[in-house]
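Written below as structure tokens is the structure these notes are about.
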Amino acid sequence: MIQFQDIDLQTFLSDYWQQKPVLLKNALPDFDAPITPEEMAGLSLESEVESRMVLQHGDTDYELRQGPFEEATYETLPEQNWTLLVQGMDRLLPEMHDLLTHFDFLPRWRIDDIMASYATTGGNVGPHFDHYDVFLLQAAGQRRWQLTAQDCTESNYLTGVDLRLMQRFEVEDDYVLNPGDVLYVPPKWGHHGIALDDDCMTFSIGYRTYRGQEMWDSLGDHLAETQTFQDLYRDPKWSSNLNPGEVPPEAAQQAKLLIQQMLDDDALLHTWMGRFATQLDQSGAQQLPEPLDETEKADLETFVDALQQSPGLVKDPVCRFAYVEGTPVKLFINGTQWDPQGASDHLIRTLANQDQLTAEDCADETGHKLLHDLWQLQYLMFSE
């Protein structure tokens with residue numbers, strides 16, 4: 001876990017998370033980046049990898065380029081003032097995925113992805129604010145970060161620029177980050193990061209943002225799929241002298257009462273939230289592993305024999321696992337409530353909480369059917 005140094009974890013969670021920024025100096029001591037700028041550039045050539053490039057030509061003159069790129073692209077870049085961004089690094093490299101364990105003091109299902117940024121001296125993506133929480137881990141080199149809480153509104157933006165950048169940016173805090181330093185920035189805080197050398201790499205551990213409309217639409221989909229909200233609307237007591245074209249407040253209150261009764265069903269909402277929290281975005285759904293074909297599959301007995309000879313199982317980095325406490329514990333994978341097939345509550349919790357299952361975890365016979373099915377889908381793979 002990252003080290004909080006001057007504050008403790010509980011103080012961070014109660015006083016800083018989603019409230020105000022904090023710089024965590026030397027949060028990961030002796031940090032060594034698991035990827036090089038050259039390897040990032042190589043990934044940006046691949047069509048299935050989401051990559052971008054930002055070049056600054058003047059104070060407010062920014063150019064956005066979308067990948068995939070070609071090798072020749074890098075031969076024509078200026079010496080300074082450009083940035084390469086690669087999304088979903090935790091899904092691409094196991095070493096990057098392992099970084100997420102340092103942030104397990106927050107729910108894993110809240111994480112969106114890790115974006116890697118490499119910049120030459122002066123490289124930046126402009127002053128902006130986001131609608132999500134982010135930990136900015138300095139992976140190599142140095143970067144200056146300037147922050148502001150002022151004018152973080154949708155109306156404050158530069159026109160004529162492909163990026164959503166802030167026109168007014170009044171610097172309130174100014175930090176220089178070294179490798180291993182982490183800067184936490186909550187939603188709607190302006191931030192502007194400028195590379196101070198040609199070795200600058202920053203890893204952004206970004207968290208999902210949920211808008212009310214998105215959650216409401218998802219809840220509606222859940223109700224429709226499960227057919228669990230079939231209660232009938234009942235009229236209010238009508239007045240004998242009503243207006244036939246009017247929808248009176250009493251009618252809206254009756255609709256509100258019906259909806260409120262559904263919202264008061266904690267079990268229903270908890271089940272929906274388990275599905276919602278593990279739902280894959282479009283990019284994640286496209287990156288799901290291919291299931292084993294008929295020639296690669298094995299029956300349950302053969303699988304269990306192999307499992308007993310294996311150091312364990314590892315989860316595919318794209319998949320999202322979570323559980324909801326209850327009797328029994330409910331398992332959710334990639335937006336679906338999963339049939340545990342008799343797996344013990346302990347194994348379900350372990351499966352959701354850990355990236356890997358040890359040989360001891362896999363020895364739980366109650367879970368062999370579940371593990372077998374997940375292996376055939378390649379949501380679980382044998383550890384090497």
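Residue numbers start at 1 in each chain; chains themselves are named A, B, ... in the order of the structure tokens; ligands are numbered from 1 in the order shown.
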List every residue of range 7-223 of chain A that DSSP, applied to the backbone, labels as helix (DSSP H, G or I), and write the result as a ChimeraX atom specification.
-> /A:9-16,37-43,71-75,89-92,94-103,108-110,212-223
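Within 8 Å of range 204-213 of chain A there are Arg110, Ile111, Asp112, Asp113, Ile114, Met115, Ala116, Ser117, His131, Tyr132, Asp133, Val134, Phe135, Leu136, Leu137, Trp216 and Asp217 of chain A, counting only C-alpha atoms and ignoring same-chain residues fewer than 3 positions away.
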Which residues come within 12 Å of Phe4 in chain A, counting only C-alpha atoms, excluding same-chain residues fewer than 6 positions away, as a VMD selection string?
-> chain A and resid 10 to 13 16 22 to 29 102 to 103 105 180 to 184
Can you list, as number ranges by chain, all residues belonging to range 157-339 of chain A that DSSP tags as strand (DSSP E or B)?
-> A: 173-177, 182-185, 190-195, 200-207, 312-315, 321-324, 330-333, 336-338
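Counting only C-alpha atoms, Pro94 in chain A has the following residues at most 10 Å away, ignoring those fewer than 3 positions along the same chain: Pro34, Met89, Asp90, Arg91, His97, Asp98, Leu99, Asp316 and Pro317 of chain A.
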Excluding Lys20 in chain A and residues on its chain fewer than 2 positions from it, collect all residues at most 9 Å away from it, counting only C-alpha atoms, and give them as a PyMOL selection string.
-> chain A and resi 15-18+22+149+184-187+189
Excluding range 51-66 of chain A and residues on its chain fewer than 3 positions from it, collect all residues at most 12 Å away from it, counting only C-alpha atoms, and give them as a short mmCIF file (atom, residue, chain, number, x, y, z; two decimals) with N, CA and C atoms, in the first residue's frame.
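Done, and the output landed in out39.cif:
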```cif
data_model
loop_
_atom_site.label_atom_id
_atom_site.label_comp_id
_atom_site.auth_asym_id
_atom_site.auth_seq_id
_atom_site.Cartn_x
_atom_site.Cartn_y
_atom_site.Cartn_z
N MET A 40 6.19 2.19 -24.30
CA MET A 40 4.93 2.91 -24.47
C MET A 40 4.72 3.28 -25.94
N ALA A 41 5.78 3.76 -26.57
CA ALA A 41 5.68 4.12 -27.98
C ALA A 41 5.32 2.90 -28.82
N GLY A 42 5.90 1.76 -28.47
CA GLY A 42 5.58 0.53 -29.19
C GLY A 42 4.12 0.16 -29.07
N LEU A 43 3.56 0.31 -27.87
CA LEU A 43 2.14 0.02 -27.66
C LEU A 43 1.26 0.96 -28.48
N SER A 44 1.70 2.20 -28.62
CA SER A 44 0.88 3.18 -29.34
C SER A 44 0.77 2.88 -30.83
N LEU A 45 1.58 1.94 -31.33
CA LEU A 45 1.50 1.55 -32.73
C LEU A 45 0.41 0.51 -32.97
N GLU A 46 -0.12 -0.08 -31.88
CA GLU A 46 -1.08 -1.18 -32.01
C GLU A 46 -2.51 -0.64 -32.08
N SER A 47 -3.28 -1.18 -33.00
CA SER A 47 -4.63 -0.67 -33.26
C SER A 47 -5.59 -0.92 -32.10
N GLU A 48 -5.36 -1.97 -31.32
CA GLU A 48 -6.28 -2.28 -30.22
C GLU A 48 -5.96 -1.51 -28.95
N PHE A 69 -0.38 5.12 -33.92
CA PHE A 69 0.61 5.88 -34.64
C PHE A 69 1.50 4.96 -35.47
N GLU A 70 2.37 5.56 -36.23
CA GLU A 70 3.37 4.83 -37.01
C GLU A 70 4.75 5.21 -36.49
N THR A 73 5.98 8.59 -37.16
CA THR A 73 5.44 9.69 -36.37
C THR A 73 6.47 10.22 -35.39
N TYR A 74 7.18 9.31 -34.76
CA TYR A 74 8.14 9.70 -33.73
C TYR A 74 9.40 10.33 -34.31
N LEU A 77 8.68 14.31 -34.59
CA LEU A 77 8.26 15.09 -33.42
C LEU A 77 9.32 16.11 -33.03
N PRO A 78 8.91 17.24 -32.47
CA PRO A 78 9.90 18.22 -31.97
C PRO A 78 10.63 17.66 -30.76
N GLU A 79 11.70 18.31 -30.36
CA GLU A 79 12.50 17.82 -29.23
C GLU A 79 11.78 18.02 -27.91
N GLN A 80 10.91 19.01 -27.82
CA GLN A 80 10.25 19.32 -26.56
C GLN A 80 8.75 19.54 -26.76
N ASN A 81 8.06 19.66 -25.61
CA ASN A 81 6.65 20.09 -25.58
C ASN A 81 5.65 19.11 -26.23
N TRP A 82 5.90 17.80 -26.09
CA TRP A 82 4.90 16.85 -26.54
C TRP A 82 4.73 15.74 -25.51
N THR A 83 3.55 15.12 -25.53
CA THR A 83 3.17 14.11 -24.54
C THR A 83 2.51 12.93 -25.24
N LEU A 84 2.87 11.74 -24.82
CA LEU A 84 2.23 10.51 -25.29
C LEU A 84 1.40 9.94 -24.15
N LEU A 85 0.13 9.58 -24.43
CA LEU A 85 -0.78 9.02 -23.44
C LEU A 85 -1.27 7.66 -23.91
N VAL A 86 -1.19 6.67 -23.03
CA VAL A 86 -1.68 5.32 -23.36
C VAL A 86 -2.64 4.88 -22.26
N GLN A 87 -3.88 4.58 -22.64
CA GLN A 87 -4.92 4.19 -21.69
C GLN A 87 -4.86 2.68 -21.42
N GLY A 88 -5.52 2.29 -20.32
CA GLY A 88 -5.74 0.88 -20.02
C GLY A 88 -4.47 0.08 -19.82
N MET A 89 -3.44 0.71 -19.26
CA MET A 89 -2.17 0.00 -19.09
C MET A 89 -2.29 -1.19 -18.15
N MET A 115 -3.69 5.12 -16.73
CA MET A 115 -3.19 5.76 -17.95
C MET A 115 -1.72 6.12 -17.72
N ALA A 116 -0.88 5.79 -18.70
CA ALA A 116 0.54 6.13 -18.62
C ALA A 116 0.80 7.33 -19.52
N SER A 117 1.60 8.25 -19.02
CA SER A 117 1.95 9.44 -19.76
C SER A 117 3.47 9.58 -19.82
N TYR A 118 3.99 9.78 -21.02
CA TYR A 118 5.41 10.13 -21.18
C TYR A 118 5.47 11.51 -21.84
N ALA A 119 6.35 12.37 -21.33
CA ALA A 119 6.47 13.71 -21.89
C ALA A 119 7.93 14.13 -21.96
N THR A 120 8.25 14.85 -23.02
CA THR A 120 9.55 15.51 -23.10
C THR A 120 9.49 16.81 -22.31
N THR A 121 10.61 17.47 -22.14
CA THR A 121 10.65 18.71 -21.37
C THR A 121 9.60 19.70 -21.88
N GLY A 122 8.80 20.20 -20.96
CA GLY A 122 7.74 21.14 -21.32
C GLY A 122 6.45 20.48 -21.73
N GLY A 123 6.46 19.17 -21.93
CA GLY A 123 5.26 18.47 -22.36
C GLY A 123 4.15 18.55 -21.34
N ASN A 124 2.93 18.78 -21.81
CA ASN A 124 1.77 18.84 -20.93
C ASN A 124 0.51 18.69 -21.77
N VAL A 125 -0.62 18.46 -21.12
CA VAL A 125 -1.89 18.33 -21.84
C VAL A 125 -2.80 19.51 -21.56
N GLY A 126 -2.24 20.57 -20.96
CA GLY A 126 -3.00 21.78 -20.70
C GLY A 126 -3.73 21.77 -19.38
N PRO A 127 -4.06 22.96 -18.87
CA PRO A 127 -4.81 23.05 -17.60
C PRO A 127 -6.24 22.58 -17.80
N TYR A 157 -13.62 27.43 -20.63
CA TYR A 157 -12.80 26.60 -21.51
C TYR A 157 -12.29 27.40 -22.70
N LEU A 158 -11.19 26.93 -23.24
CA LEU A 158 -10.60 27.56 -24.42
C LEU A 158 -11.37 27.11 -25.67
N THR A 159 -11.71 28.06 -26.51
CA THR A 159 -12.36 27.73 -27.76
C THR A 159 -11.32 27.45 -28.85
N GLY A 160 -11.71 26.68 -29.83
CA GLY A 160 -10.83 26.40 -30.95
C GLY A 160 -9.73 25.40 -30.65
N VAL A 161 -9.88 24.64 -29.55
CA VAL A 161 -8.89 23.64 -29.16
C VAL A 161 -9.59 22.28 -29.05
N ASP A 162 -8.96 21.23 -29.54
CA ASP A 162 -9.56 19.90 -29.51
C ASP A 162 -9.69 19.35 -28.09
N LEU A 163 -8.91 19.88 -27.17
CA LEU A 163 -8.94 19.44 -25.78
C LEU A 163 -9.84 20.37 -24.97
N ARG A 164 -10.45 19.83 -23.92
CA ARG A 164 -11.28 20.65 -23.03
C ARG A 164 -10.36 21.27 -21.98
N LEU A 165 -9.85 22.47 -22.27
CA LEU A 165 -8.87 23.13 -21.40
C LEU A 165 -9.48 24.37 -20.76
N MET A 166 -8.98 24.69 -19.58
CA MET A 166 -9.47 25.84 -18.84
C MET A 166 -8.85 27.12 -19.38
N GLN A 167 -9.70 28.11 -19.63
CA GLN A 167 -9.20 29.41 -20.09
C GLN A 167 -8.62 30.21 -18.93
N ARG A 168 -9.33 30.23 -17.82
CA ARG A 168 -8.83 30.90 -16.61
C ARG A 168 -8.31 29.84 -15.66
N ILE A 194 3.39 19.82 -15.92
CA ILE A 194 4.39 20.17 -16.93
C ILE A 194 5.66 19.36 -16.67
#
```
Name the residues in contact with Leu370 in chain A at a cut-off of 8 Å, using only C-alpha atoms, excluding same-chain residues fewer than 5 positions from it; report them as an MDAnalysis selection string.
-> chainID A and resid 339:343
